[in-house]
>>> print(open('work-v8.cif').read())   # mmCIF, C-alpha atoms
data_start
#
loop_
_atom_site.label_atom_id
_atom_site.label_comp_id
_atom_site.auth_asym_id
_atom_site.auth_seq_id
_atom_site.Cartn_x
_atom_site.Cartn_y
_atom_site.Cartn_z
CA MET H 26 -2.07 -118.16 -80.38
CA THR H 27 0.09 -115.12 -80.99
CA SER H 28 3.84 -115.38 -81.18
CA THR H 29 6.10 -113.30 -78.96
CA ALA H 30 9.31 -114.33 -80.72
CA VAL H 31 11.62 -111.56 -81.85
CA PRO H 32 12.01 -111.53 -85.69
CA SER H 33 15.44 -112.77 -86.75
CA ARG H 34 17.84 -110.46 -88.60
CA VAL H 35 19.31 -111.13 -92.01
CA ALA H 36 22.99 -112.10 -91.74
CA ASP H 37 24.32 -108.88 -93.30
CA GLN H 38 21.77 -106.60 -91.69
CA ALA H 39 23.20 -104.16 -89.21
CA GLU H 40 21.96 -104.47 -85.66
CA PRO H 41 19.67 -101.56 -84.85
CA LYS H 42 21.15 -99.00 -82.52
CA GLN H 43 20.02 -99.33 -78.96
CA PRO H 44 18.34 -96.13 -77.73
CA GLU H 45 20.59 -94.18 -75.42
CA ALA H 46 18.10 -94.39 -72.58
CA ASP H 47 17.95 -98.20 -72.79
CA ARG H 48 21.71 -98.80 -72.77
CA PRO H 49 23.07 -100.11 -69.50
CA GLY H 50 25.10 -97.44 -67.78
CA ARG H 51 28.75 -97.77 -66.91
CA TRP H 52 27.84 -98.35 -63.27
CA ALA H 53 24.83 -100.58 -63.91
CA TRP H 54 26.68 -103.52 -62.35
CA LEU H 55 26.23 -101.81 -58.98
CA ASN H 56 22.56 -102.76 -59.16
CA GLY H 57 23.34 -106.41 -59.85
CA ASP H 58 22.99 -109.27 -57.40
CA TYR H 59 26.70 -109.61 -56.68
CA ALA H 60 27.22 -105.93 -55.85
CA ARG H 61 24.10 -105.58 -53.73
CA VAL H 62 24.71 -108.79 -51.80
CA PHE H 63 28.33 -107.82 -51.23
CA ALA H 64 27.21 -104.49 -49.77
CA VAL H 65 24.83 -106.31 -47.42
CA VAL H 66 27.41 -108.88 -46.33
CA LEU H 67 30.11 -106.25 -45.84
CA ALA H 68 27.76 -104.11 -43.73
CA TRP H 69 26.78 -107.20 -41.75
CA ASN H 70 30.45 -107.93 -40.98
CA VAL H 71 31.08 -104.30 -40.02
CA VAL H 72 28.19 -104.48 -37.54
CA LEU H 73 29.65 -107.64 -35.97
CA ILE H 74 33.07 -106.00 -35.67
CA ALA H 75 31.46 -102.92 -34.09
CA VAL H 76 29.53 -105.06 -31.59
CA ALA H 77 32.73 -106.86 -30.60
CA TYR H 78 34.59 -103.56 -30.28
CA LEU H 79 31.88 -101.94 -28.16
CA PHE H 80 30.84 -104.81 -25.89
CA GLY H 81 33.84 -107.16 -25.83
CA PRO H 82 36.23 -105.19 -23.60
CA SER H 83 33.61 -104.44 -20.94
CA SER H 84 32.18 -107.97 -20.66
CA PRO H 85 33.31 -110.83 -18.40
CA THR H 86 35.58 -113.33 -20.14
CA SER H 87 35.98 -117.09 -20.05
CA GLU H 88 38.26 -119.91 -21.19
CA GLY H 89 37.54 -119.63 -24.92
CA ILE H 90 39.95 -116.71 -25.25
CA PRO H 91 43.53 -117.87 -25.99
CA LYS H 92 45.91 -117.23 -23.10
CA THR H 93 48.82 -116.35 -25.38
CA GLY H 94 49.48 -115.77 -29.06
CA ILE H 95 46.89 -115.05 -31.72
CA GLY H 96 43.58 -113.80 -30.37
CA SER H 97 44.88 -113.22 -26.85
CA THR H 98 45.48 -109.50 -27.28
CA ALA H 99 43.12 -106.73 -28.31
CA SER H 100 42.81 -106.17 -32.06
CA LEU H 101 40.06 -105.50 -34.55
CA LEU H 102 39.66 -109.20 -35.45
CA ALA H 103 40.86 -110.93 -32.28
CA HIS H 104 37.23 -111.70 -31.37
CA THR H 105 36.98 -114.08 -34.34
CA TYR H 106 39.65 -116.36 -32.87
CA ARG H 107 37.84 -118.28 -30.13
CA TRP H 108 37.43 -121.96 -29.23
CA ASP H 109 37.84 -124.20 -32.30
CA ALA H 110 39.35 -121.34 -34.29
CA GLY H 111 42.65 -122.23 -32.63
CA ASN H 112 42.61 -125.63 -34.32
CA TYR H 113 42.03 -124.10 -37.74
CA GLY H 114 44.80 -121.60 -37.08
CA GLU H 115 47.18 -124.39 -36.11
CA ILE H 116 46.43 -126.23 -39.36
CA ALA H 117 46.88 -123.06 -41.43
CA VAL H 118 50.33 -122.48 -39.90
CA HIS H 119 51.68 -125.96 -39.23
CA ALA H 120 49.32 -128.27 -41.16
CA TYR H 121 48.84 -131.50 -39.16
CA THR H 122 52.41 -131.82 -37.89
CA GLY H 123 51.59 -130.85 -34.29
CA SER H 124 51.24 -133.27 -31.41
CA TYR H 125 47.70 -132.21 -30.43
CA ALA H 126 45.64 -135.04 -31.91
CA PRO H 127 42.16 -133.38 -31.85
CA THR H 128 43.36 -130.87 -34.47
CA ARG H 129 43.18 -133.71 -37.00
CA ALA H 130 39.39 -133.80 -36.61
CA PHE H 131 39.17 -130.49 -38.49
CA TYR H 132 39.16 -130.64 -42.28
CA PRO H 133 41.81 -128.73 -44.27
CA VAL H 134 39.91 -126.71 -46.94
CA PHE H 135 39.36 -123.54 -44.88
CA PRO H 136 42.89 -123.52 -43.39
CA ILE H 137 44.39 -124.11 -46.85
CA LEU H 138 42.47 -121.12 -48.23
CA VAL H 139 43.74 -119.00 -45.35
CA TRP H 140 47.29 -120.17 -46.02
CA LEU H 141 46.81 -119.43 -49.72
CA VAL H 142 45.72 -115.83 -49.03
CA GLN H 143 48.76 -115.32 -46.82
CA THR H 144 51.06 -116.87 -49.41
CA VAL H 145 49.68 -114.78 -52.28
CA SER H 146 50.17 -111.65 -50.16
CA PHE H 147 53.83 -112.69 -49.54
CA GLY H 148 53.15 -112.77 -45.80
CA THR H 149 51.94 -109.17 -45.59
CA ILE H 150 48.46 -110.31 -44.49
CA GLY H 151 48.21 -111.79 -41.01
CA LEU H 152 46.36 -114.96 -40.09
CA LEU H 153 43.23 -113.25 -38.74
CA LEU H 154 42.88 -110.86 -41.68
CA ALA H 155 43.40 -113.72 -44.13
CA GLY H 156 40.66 -115.71 -42.40
CA PHE H 157 38.38 -112.67 -42.40
CA LEU H 158 38.88 -112.15 -46.15
CA VAL H 159 38.23 -115.82 -46.90
CA ASN H 160 35.02 -115.77 -44.87
CA LEU H 161 33.91 -112.41 -46.27
CA VAL H 162 34.14 -113.74 -49.82
CA ALA H 163 32.64 -117.11 -48.87
CA THR H 164 29.68 -115.53 -47.04
CA TRP H 165 29.15 -113.22 -50.01
CA LEU H 166 29.10 -116.12 -52.47
CA ALA H 167 26.86 -118.19 -50.18
CA ALA H 168 24.36 -115.33 -49.93
CA VAL H 169 24.41 -114.76 -53.72
CA ALA H 170 23.68 -118.45 -54.31
CA LEU H 171 20.91 -118.38 -51.72
CA LEU H 172 19.34 -115.34 -53.39
CA LYS H 173 19.30 -117.13 -56.73
CA ILE H 174 17.97 -120.32 -55.11
CA GLY H 175 15.21 -118.20 -53.57
CA ARG H 176 14.24 -116.97 -57.05
CA HIS H 177 13.80 -120.60 -58.07
CA PHE H 178 11.06 -121.00 -55.45
CA PHE H 179 9.53 -117.52 -55.30
CA ASP H 180 8.37 -114.87 -57.73
CA GLY H 181 9.32 -111.24 -57.28
CA GLU H 182 12.29 -109.78 -55.41
CA ARG H 183 11.11 -109.48 -51.82
CA ALA H 184 10.88 -113.18 -50.95
CA PRO H 185 14.35 -114.22 -52.24
CA TRP H 186 15.93 -111.41 -50.24
CA LEU H 187 14.06 -112.61 -47.16
CA VAL H 188 15.69 -116.02 -47.65
CA VAL H 189 19.08 -114.29 -47.50
CA ALA H 190 17.96 -112.34 -44.42
CA ALA H 191 16.95 -115.59 -42.72
CA PHE H 192 20.43 -116.96 -43.36
CA LEU H 193 22.27 -113.90 -42.02
CA THR H 194 20.07 -113.63 -38.91
CA ALA H 195 20.15 -117.32 -37.97
CA PRO H 196 21.08 -117.84 -34.29
CA ALA H 197 24.52 -119.20 -35.24
CA ALA H 198 25.11 -116.93 -38.26
CA PHE H 199 28.02 -115.16 -36.55
CA PHE H 200 30.11 -118.29 -37.12
CA LEU H 201 30.25 -117.16 -40.75
CA HIS H 202 32.25 -114.20 -39.44
CA ALA H 203 34.42 -116.17 -37.02
CA PHE H 204 37.65 -118.03 -37.87
CA TYR H 205 35.63 -121.18 -38.63
CA SER H 206 34.85 -123.15 -41.78
CA GLU H 207 31.09 -122.52 -41.83
CA ALA H 208 31.18 -119.82 -44.51
CA VAL H 209 33.24 -121.87 -46.96
CA PHE H 210 31.07 -124.94 -46.43
CA CYS H 211 27.85 -122.97 -47.00
CA ALA H 212 29.23 -121.30 -50.13
CA LEU H 213 30.23 -124.61 -51.71
CA GLY H 214 27.02 -126.37 -50.66
CA PHE H 215 24.65 -123.63 -51.82
CA TRP H 216 26.38 -123.24 -55.19
CA ALA H 217 26.37 -127.00 -55.77
CA TYR H 218 22.60 -127.04 -55.19
CA LEU H 219 22.10 -123.96 -57.37
CA PHE H 220 23.99 -125.63 -60.21
CA ALA H 221 21.78 -128.69 -59.75
CA LEU H 222 18.65 -126.53 -59.97
CA ARG H 223 20.04 -125.04 -63.20
CA ARG H 224 20.86 -128.52 -64.52
CA GLN H 225 24.52 -127.54 -64.82
CA TRP H 226 25.82 -130.95 -63.81
CA LEU H 227 29.47 -130.31 -64.67
CA TRP H 228 29.70 -127.28 -62.39
CA MET H 229 27.69 -129.07 -59.73
CA GLY H 230 30.15 -131.98 -59.71
CA LEU H 231 33.20 -129.73 -59.64
CA THR H 232 31.73 -127.89 -56.63
CA LEU H 233 30.80 -131.05 -54.76
CA ILE H 234 34.39 -132.35 -54.85
CA PRO H 235 35.91 -129.62 -52.62
CA LEU H 236 32.72 -129.71 -50.54
CA THR H 237 33.35 -133.31 -49.46
CA ALA H 238 36.87 -132.27 -48.52
CA SER H 239 35.41 -129.61 -46.22
CA ARG H 240 33.31 -131.71 -43.85
CA ILE H 241 31.88 -135.21 -43.67
CA THR H 242 28.33 -133.81 -43.55
CA ALA H 243 28.82 -132.81 -47.20
CA ALA H 244 27.25 -136.20 -47.89
CA VAL H 245 23.79 -134.68 -47.36
CA PHE H 246 24.48 -132.07 -50.04
CA VAL H 247 25.59 -134.81 -52.42
CA GLY H 248 22.27 -136.51 -51.67
CA LEU H 249 20.36 -133.25 -52.20
CA CYS H 250 21.94 -132.71 -55.61
CA PHE H 251 21.33 -136.35 -56.57
CA LEU H 252 17.64 -136.03 -55.69
CA GLU H 253 17.43 -132.86 -57.78
CA PHE H 254 19.13 -134.73 -60.64
CA TRP H 255 16.60 -137.55 -60.35
CA ARG H 256 13.72 -135.07 -60.18
CA SER H 257 14.96 -133.55 -63.43
CA LYS H 258 14.38 -137.00 -64.94
CA ASP H 259 10.79 -137.09 -63.61
CA TRP H 260 11.82 -139.67 -60.98
CA LYS H 261 12.20 -142.33 -63.66
CA LEU H 262 14.78 -145.05 -63.06
CA ARG H 263 15.81 -145.10 -66.70
CA GLY H 264 16.52 -141.38 -66.37
CA LEU H 265 19.46 -142.31 -64.16
CA LEU H 266 21.16 -143.94 -67.15
CA SER H 267 23.25 -140.87 -67.80
CA TRP H 268 26.95 -140.09 -67.71
CA ASN H 269 26.13 -137.18 -65.38
CA LEU H 270 25.23 -139.72 -62.71
CA LEU H 271 28.96 -140.37 -62.30
CA TRP H 272 29.42 -136.94 -60.74
CA PHE H 273 27.87 -138.18 -57.51
CA PRO H 274 30.40 -140.91 -56.68
CA ALA H 275 33.10 -138.62 -58.12
CA ALA H 276 32.11 -136.00 -55.53
CA PHE H 277 33.82 -138.08 -52.86
CA LEU H 278 37.19 -137.61 -54.55
CA GLY H 279 37.44 -134.60 -52.22
CA LEU H 280 37.12 -136.84 -49.17
CA GLY H 281 39.60 -139.23 -50.77
CA GLY H 282 42.03 -136.35 -51.14
CA VAL H 283 41.69 -135.61 -47.42
CA LEU H 284 42.39 -139.25 -46.55
CA LEU H 285 45.50 -139.20 -48.73
CA TYR H 286 46.62 -135.88 -47.24
CA MET H 287 46.16 -137.28 -43.72
CA LYS H 288 48.14 -140.37 -44.63
CA LEU H 289 51.03 -138.23 -45.84
CA GLN H 290 50.85 -135.85 -42.86
CA THR H 291 50.16 -138.21 -39.96
CA GLY H 292 50.68 -141.74 -41.26
CA ASP H 293 47.00 -142.53 -40.65
CA ALA H 294 44.54 -141.97 -43.49
CA PHE H 295 41.64 -142.07 -41.03
CA ALA H 296 43.22 -139.66 -38.55
CA SER H 297 40.23 -137.31 -38.88
CA PHE H 298 37.88 -140.06 -37.73
CA ASN H 299 40.14 -141.30 -34.92
CA ALA H 300 41.30 -137.93 -33.63
CA LEU H 301 38.84 -137.62 -30.75
CA LYS H 302 39.18 -141.17 -29.42
CA GLY H 303 40.63 -141.18 -25.92
CA VAL H 304 40.44 -137.37 -25.55
CA LYS H 305 38.62 -136.70 -22.28
CA SER H 306 37.23 -133.29 -23.23
CA TRP H 307 35.63 -134.78 -26.34
CA SER H 308 34.42 -138.02 -24.75
CA TYR H 309 30.77 -137.25 -25.54
CA HIS H 310 31.51 -137.86 -29.24
CA LYS H 311 30.78 -141.56 -29.76
CA PHE H 312 29.33 -143.05 -32.91
CA ASP H 313 25.88 -144.44 -32.18
CA PRO H 314 23.45 -145.40 -34.97
CA ASN H 315 20.57 -145.35 -32.47
CA ILE H 316 19.38 -141.92 -33.65
CA LEU H 317 15.98 -142.21 -32.01
CA GLY H 318 17.57 -143.09 -28.68
CA THR H 319 19.83 -140.04 -28.85
CA LEU H 320 16.94 -137.74 -29.78
CA TRP H 321 14.69 -139.16 -27.06
CA GLY H 322 17.35 -138.68 -24.39
CA GLU H 323 18.06 -135.12 -25.53
CA ALA H 324 14.33 -134.34 -25.76
CA LYS H 325 13.79 -135.47 -22.16
CA LEU H 326 16.72 -133.39 -20.93
CA THR H 327 15.45 -130.36 -22.84
CA ALA H 328 11.93 -130.78 -21.47
CA HIS H 329 13.20 -131.09 -17.88
CA ALA H 330 15.34 -127.97 -18.34
CA LEU H 331 12.46 -125.95 -19.81
CA LEU H 332 10.13 -127.08 -17.01
CA GLY H 333 12.66 -126.18 -14.35
CA ASP H 334 13.22 -129.74 -13.15
CA VAL H 335 16.97 -129.40 -13.80
CA PRO H 336 19.06 -126.23 -13.70
CA MET H 337 19.21 -124.29 -16.98
CA ASP H 338 22.94 -123.64 -16.85
CA SER H 339 24.88 -122.34 -19.84
CA TRP H 340 26.05 -125.79 -20.96
CA THR H 341 22.52 -127.20 -20.87
CA LEU H 342 21.17 -124.21 -22.80
CA MET H 343 23.88 -124.06 -25.46
CA SER H 344 24.57 -127.78 -25.91
CA HIS H 345 21.16 -129.37 -25.41
CA VAL H 346 18.19 -127.00 -25.42
CA LEU H 347 19.15 -124.71 -28.29
CA PRO H 348 20.31 -127.56 -30.57
CA MET H 349 17.11 -129.52 -29.91
CA ILE H 350 14.96 -126.50 -30.71
CA GLY H 351 16.93 -126.16 -33.93
CA LEU H 352 16.41 -129.82 -34.84
CA ALA H 353 12.67 -129.53 -34.12
CA LEU H 354 12.45 -126.51 -36.42
CA LEU H 355 14.44 -128.35 -39.10
CA PHE H 356 12.02 -131.27 -38.93
CA ALA H 357 8.98 -128.98 -39.07
CA SER H 358 10.50 -127.02 -41.98
CA SER H 359 11.18 -130.21 -43.93
CA VAL H 360 7.63 -131.49 -43.42
CA TYR H 361 6.18 -128.11 -44.41
CA VAL H 362 8.24 -127.84 -47.60
CA LEU H 363 7.25 -131.40 -48.55
CA VAL H 364 3.54 -130.69 -48.04
CA ALA H 365 3.56 -127.21 -49.61
CA LEU H 366 5.77 -127.84 -52.64
CA ARG H 367 5.11 -131.55 -53.16
CA ALA H 368 7.41 -133.01 -55.84
CA LYS H 369 9.39 -129.79 -56.16
CA GLY H 370 10.07 -129.85 -52.42
CA VAL H 371 11.04 -133.52 -52.12
CA PRO H 372 14.82 -132.97 -52.48
CA LEU H 373 14.92 -130.17 -49.89
CA ALA H 374 12.64 -132.04 -47.48
CA LEU H 375 14.67 -135.24 -47.63
CA PHE H 376 17.82 -133.14 -47.27
CA GLY H 377 16.39 -131.83 -43.99
CA PHE H 378 15.51 -135.29 -42.70
CA ALA H 379 18.92 -136.66 -43.69
CA SER H 380 20.62 -133.75 -41.92
CA ILE H 381 18.86 -134.67 -38.68
CA VAL H 382 20.21 -138.20 -38.96
CA MET H 383 23.71 -137.05 -39.92
CA LEU H 384 23.95 -134.54 -37.08
CA THR H 385 22.90 -136.95 -34.33
CA MET H 386 25.01 -140.01 -35.20
CA ASN H 387 27.62 -139.08 -32.59
CA SER H 388 25.24 -139.74 -29.66
CA ASN H 389 24.92 -136.02 -28.83
CA VAL H 390 23.64 -132.71 -30.20
CA VAL H 391 26.48 -130.47 -29.01
CA SER H 392 27.06 -127.62 -31.50
CA VAL H 393 24.21 -128.81 -33.72
CA HIS H 394 22.72 -125.31 -33.85
CA ARG H 395 25.94 -124.28 -35.61
CA TYR H 396 25.82 -127.25 -37.97
CA LEU H 397 22.27 -126.24 -38.95
CA LEU H 398 23.55 -123.13 -40.74
CA PRO H 399 23.83 -124.87 -44.14
CA CYS H 400 20.31 -126.34 -43.82
CA LEU H 401 18.72 -123.94 -46.30
CA VAL H 402 15.40 -125.78 -46.17
CA MET H 403 14.70 -123.84 -42.96
CA TYR H 404 15.14 -120.47 -44.68
CA VAL H 405 12.99 -121.47 -47.64
CA ALA H 406 10.27 -122.85 -45.36
CA LEU H 407 10.09 -119.68 -43.26
CA VAL H 408 9.65 -117.42 -46.29
CA LEU H 409 7.32 -119.91 -47.98
CA PHE H 410 5.05 -119.78 -44.94
CA GLY H 411 4.73 -116.01 -45.26
CA GLU H 412 4.21 -116.12 -49.02
CA ARG H 413 1.42 -118.67 -48.79
CA ARG H 414 -0.29 -116.73 -45.99
CA PRO H 415 0.05 -113.02 -46.80
CA GLN H 416 -1.84 -112.03 -43.67
CA LEU H 417 0.99 -113.60 -41.62
CA ARG H 418 3.92 -112.05 -43.48
CA GLY H 419 4.53 -109.81 -40.50
CA ALA H 420 5.21 -112.92 -38.43
CA VAL H 421 8.14 -113.76 -40.71
CA HIS H 422 9.73 -110.39 -39.94
CA VAL H 423 9.13 -110.96 -36.23
CA VAL H 424 10.95 -114.31 -36.48
CA LEU H 425 13.87 -112.67 -38.30
CA TYR H 426 14.08 -109.99 -35.61
CA ALA H 427 13.92 -112.56 -32.80
CA ASN H 428 16.59 -114.67 -34.50
CA ALA H 429 18.84 -111.61 -34.80
CA LEU H 430 18.48 -110.93 -31.07
CA VAL H 431 19.32 -114.53 -30.21
CA CYS H 432 22.27 -114.41 -32.62
CA GLY H 433 23.56 -111.20 -31.02
CA THR H 434 23.27 -112.64 -27.52
CA ILE H 435 25.16 -115.83 -28.39
CA TYR H 436 27.71 -113.81 -30.36
CA ILE H 437 28.59 -111.74 -27.30
CA ARG H 438 29.10 -114.97 -25.38
CA PHE H 439 31.39 -116.21 -28.14
CA ILE H 440 33.61 -113.14 -28.40
CA THR H 441 34.09 -113.07 -24.63
CA GLY H 442 35.21 -116.68 -24.53
CA PHE H 443 32.05 -118.35 -23.22
CA TRP H 444 30.92 -121.56 -24.87
CA ALA H 445 28.60 -120.80 -27.81
CA GLY H 446 28.67 -124.03 -29.80
#
>>> encode(input="work-v8.cif", output="structure tokens")
Amino acid sequence: MTSTAVPSRVADQAEPKQPEADRPGRWAWLNGDYARVFAVVLAWNVVLIAVAYLFGPSSPTSEGIPKTGIGSTASLLAHTYRWDAGNYGEIAVHAYTGSYAPTRAFYPVFPILVWLVQTVSFGTIGLLLAGFLVNLVATWLAAVALLKIGRHFFDGERAPWLVVAAFLTAPAAFFLHAFYSEAVFCALGFWAYLFALRRQWLWMGLTLIPLTASRITAAVFVGLCFLEFWRSKDWKLRGLLSWNLLWFPAAFLGLGGVLLYMKLQTGDAFASFNALKGVKSWSYHKFDPNILGTLWGEAKLTAHALLGDVPMDSWTLMSHVLPMIGLALLFASSVYVLVALRAKGVPLALFGFASIVMLTMNSNVVSVHRYLLPCLVMYVALVLFGERRPQLRGAVHVVLYANALVCGTIYIRFITGFWAG
């Protein structure tokens, strides 16, 4: 066997001069992952702003547009401030001191980051621009992590970039651009998983802590990283006898911080969990561990709507049919990754199955298509399908194109104030 090791240098031997042609240029960083992904994400945001500018003013509007205040008047970023964005804006400005109880159901990490950007700018940056900058950076970091995760599963450059494309063309991807917390959650979740794949347990743990302060569904990412940790030990129980195991319970210090913050702000540590009780407009949110019952009821409603037995109105389409299609695709993606990748795919597959359970525990699937954005197993499965069947790679591009059309259609609904999830 021949050795490919580079001969070591003597301690006092001068390092040979690198040929001029081989030296990285001053602007070589422009060809790096961070620069290229930033260019893509920035262009993607510019396109969304242009679509809102061109189609928003001439389209019918609905109740999701604020009647007064932020987002109610025409501006370059007003379209990002629709529906739940008002709750995040309220938290960013007044924390949880207001009398509107449902605001407490929204976690504080994204609003705190928005407040921080405004504070650092000494108030020269407005609320909407601060939110845009936070989400621009978060989407950029999420896409960079996803690109590097893609390289863990695929050889070459084309496939990992397709994983990023699948993320940015997902039907609910525009929520990364809106004044919502999706971008921050995805960035933290994807980087935590990337650190787990790299066996960088310290950085993984430090990323999981703010993640659990961002949303309760962070629990599935903690589980994903734990499974990757266990896989790194060849699934041996004695492999779990490691100090790094402590990062997984420590991850919930973020959630503990939210409980403490809520106690100080509202007097009720569990205000986030109790916020929607008794609120008529949110009455469909009721904890119900009968996951199969919820899925069966939603599946029947979806089937009746698709067959024309019940009217396919906008609420049925956006809050039942589209989420159920998304859950079906998540299930299929998880099964496919498990079968195709075997042991390597176990963490991602179980992450997908756990996400289905987590997203249906409130006896409904409203907005689930938005909550599916962080479910990266779907993006990996789509590209994996094309890589394993080269003759069907064109189908992957067709899916990306179709997803982009669906995303654009729902996005126009969102910016004009119609319910979009």
>>> closest_residue(input="work-v8.cif", among="H:Leu354, H:Leu166, H:Leu409, H:Ile381", to="Ala212 (chain H)", atoms="all atoms listed in the file")
H:Leu166
>>> resolve_selection(input="work-v8.cif", expression="the PyMOL selection byres ((chain H and resi 186) around 12)", output="MDAnalysis selection string")
chainID H and resid 58 61:62 65 168:176 178:185 187:193 404:405 408
>>> closest_residue(input="work-v8.cif", among="H:Ala64, H:Ala195, H:Leu222, H:Ala406", to="Leu161 (chain H)", atoms="all atoms listed in the file")
H:Ala64
>>> resolve_selection(input="work-v8.cif", expression="the PyMOL selection byres ((chain H and resi 234) around 8)", output="list in words")
Gly230, Leu231, Thr232, Leu233, Pro235, Leu236, Thr237, Ala238, Ala275, Ala276, Phe277, Leu278, Gly279 and Leu280 of chain H
>>> resolve_selection(input="work-v8.cif", expression="the PyMOL selection byres ((chain H and resi 432-436) around 9)", output="list in words")
Leu73, Val76, Ala77, Thr194, Ala195, Pro196, Ala197, Ala198, Phe199, Phe200, Met343, Ala427, Asn428, Ala429, Leu430, Val431, Ile437, Arg438, Phe439, Ile440, Thr441, Phe443, Trp444 and Ala445 of chain H
>>> residues_around(input="work-v8.cif", residues="Phe204 (chain H)", least_positions_apart="3", cutoff="10 Å", atoms="only C-alpha atoms", output="list in words")
Leu102, Ala103, His104, Thr105, Tyr106, Arg107, Trp108, Asp109, Ala110, Gly111, Asn112, Tyr113, Gly114, Phe135, Pro136, Val139, Leu152, Leu153, Leu154, Ala155, Gly156, Phe157, Val159, Asn160, Phe200, Leu201, Glu207 and Ala208 of chain H
>>> closest_residue(input="work-v8.cif", among="H:Ala68, H:Gly442, H:Trp340, H:Gly351", to="Ile90 (chain H)", atoms="all atoms listed in the file")
H:Gly442
>>> build_atoms(input="work-v8.cif", residues="region 152-169 of chain H", atoms="N, CA and C atoms", output="compact mmCIF listing (two decimals), keeping the file's coordinate frame")
# COMPACT_ATOMS: atom_id res chain seq x y z
N LEU H 152 47.25 -113.81 -40.12
CA LEU H 152 46.36 -114.96 -40.09
C LEU H 152 44.90 -114.54 -39.94
N LEU H 153 44.62 -113.64 -39.01
CA LEU H 153 43.23 -113.25 -38.74
C LEU H 153 42.63 -112.50 -39.92
N LEU H 154 43.39 -111.60 -40.53
CA LEU H 154 42.88 -110.86 -41.68
C LEU H 154 42.67 -111.80 -42.86
N ALA H 155 43.57 -112.75 -43.04
CA ALA H 155 43.40 -113.72 -44.13
C ALA H 155 42.12 -114.52 -43.92
N GLY H 156 41.88 -114.97 -42.70
CA GLY H 156 40.66 -115.71 -42.40
C GLY H 156 39.42 -114.86 -42.61
N PHE H 157 39.51 -113.59 -42.21
CA PHE H 157 38.38 -112.67 -42.40
C PHE H 157 38.07 -112.50 -43.89
N LEU H 158 39.09 -112.33 -44.71
CA LEU H 158 38.88 -112.15 -46.15
C LEU H 158 38.28 -113.41 -46.78
N VAL H 159 38.78 -114.57 -46.38
CA VAL H 159 38.23 -115.82 -46.90
C VAL H 159 36.75 -115.92 -46.55
N ASN H 160 36.41 -115.64 -45.30
CA ASN H 160 35.02 -115.77 -44.87
C ASN H 160 34.13 -114.67 -45.43
N LEU H 161 34.69 -113.49 -45.64
CA LEU H 161 33.91 -112.41 -46.27
C LEU H 161 33.49 -112.82 -47.68
N VAL H 162 34.44 -113.31 -48.45
CA VAL H 162 34.14 -113.74 -49.82
C VAL H 162 33.21 -114.95 -49.81
N ALA H 163 33.46 -115.90 -48.92
CA ALA H 163 32.64 -117.11 -48.87
C ALA H 163 31.20 -116.79 -48.46
N THR H 164 31.03 -115.93 -47.46
CA THR H 164 29.68 -115.53 -47.04
C THR H 164 28.96 -114.80 -48.17
N TRP H 165 29.70 -113.94 -48.85
CA TRP H 165 29.15 -113.22 -50.01
C TRP H 165 28.65 -114.19 -51.07
N LEU H 166 29.49 -115.15 -51.44
CA LEU H 166 29.10 -116.12 -52.47
C LEU H 166 27.95 -117.00 -52.00
N ALA H 167 27.96 -117.38 -50.72
CA ALA H 167 26.86 -118.19 -50.18
C ALA H 167 25.54 -117.43 -50.26
N ALA H 168 25.58 -116.14 -49.92
CA ALA H 168 24.36 -115.33 -49.93
C ALA H 168 23.87 -115.10 -51.36
N VAL H 169 24.80 -114.91 -52.31
CA VAL H 169 24.41 -114.76 -53.72
C VAL H 169 23.71 -116.02 -54.20
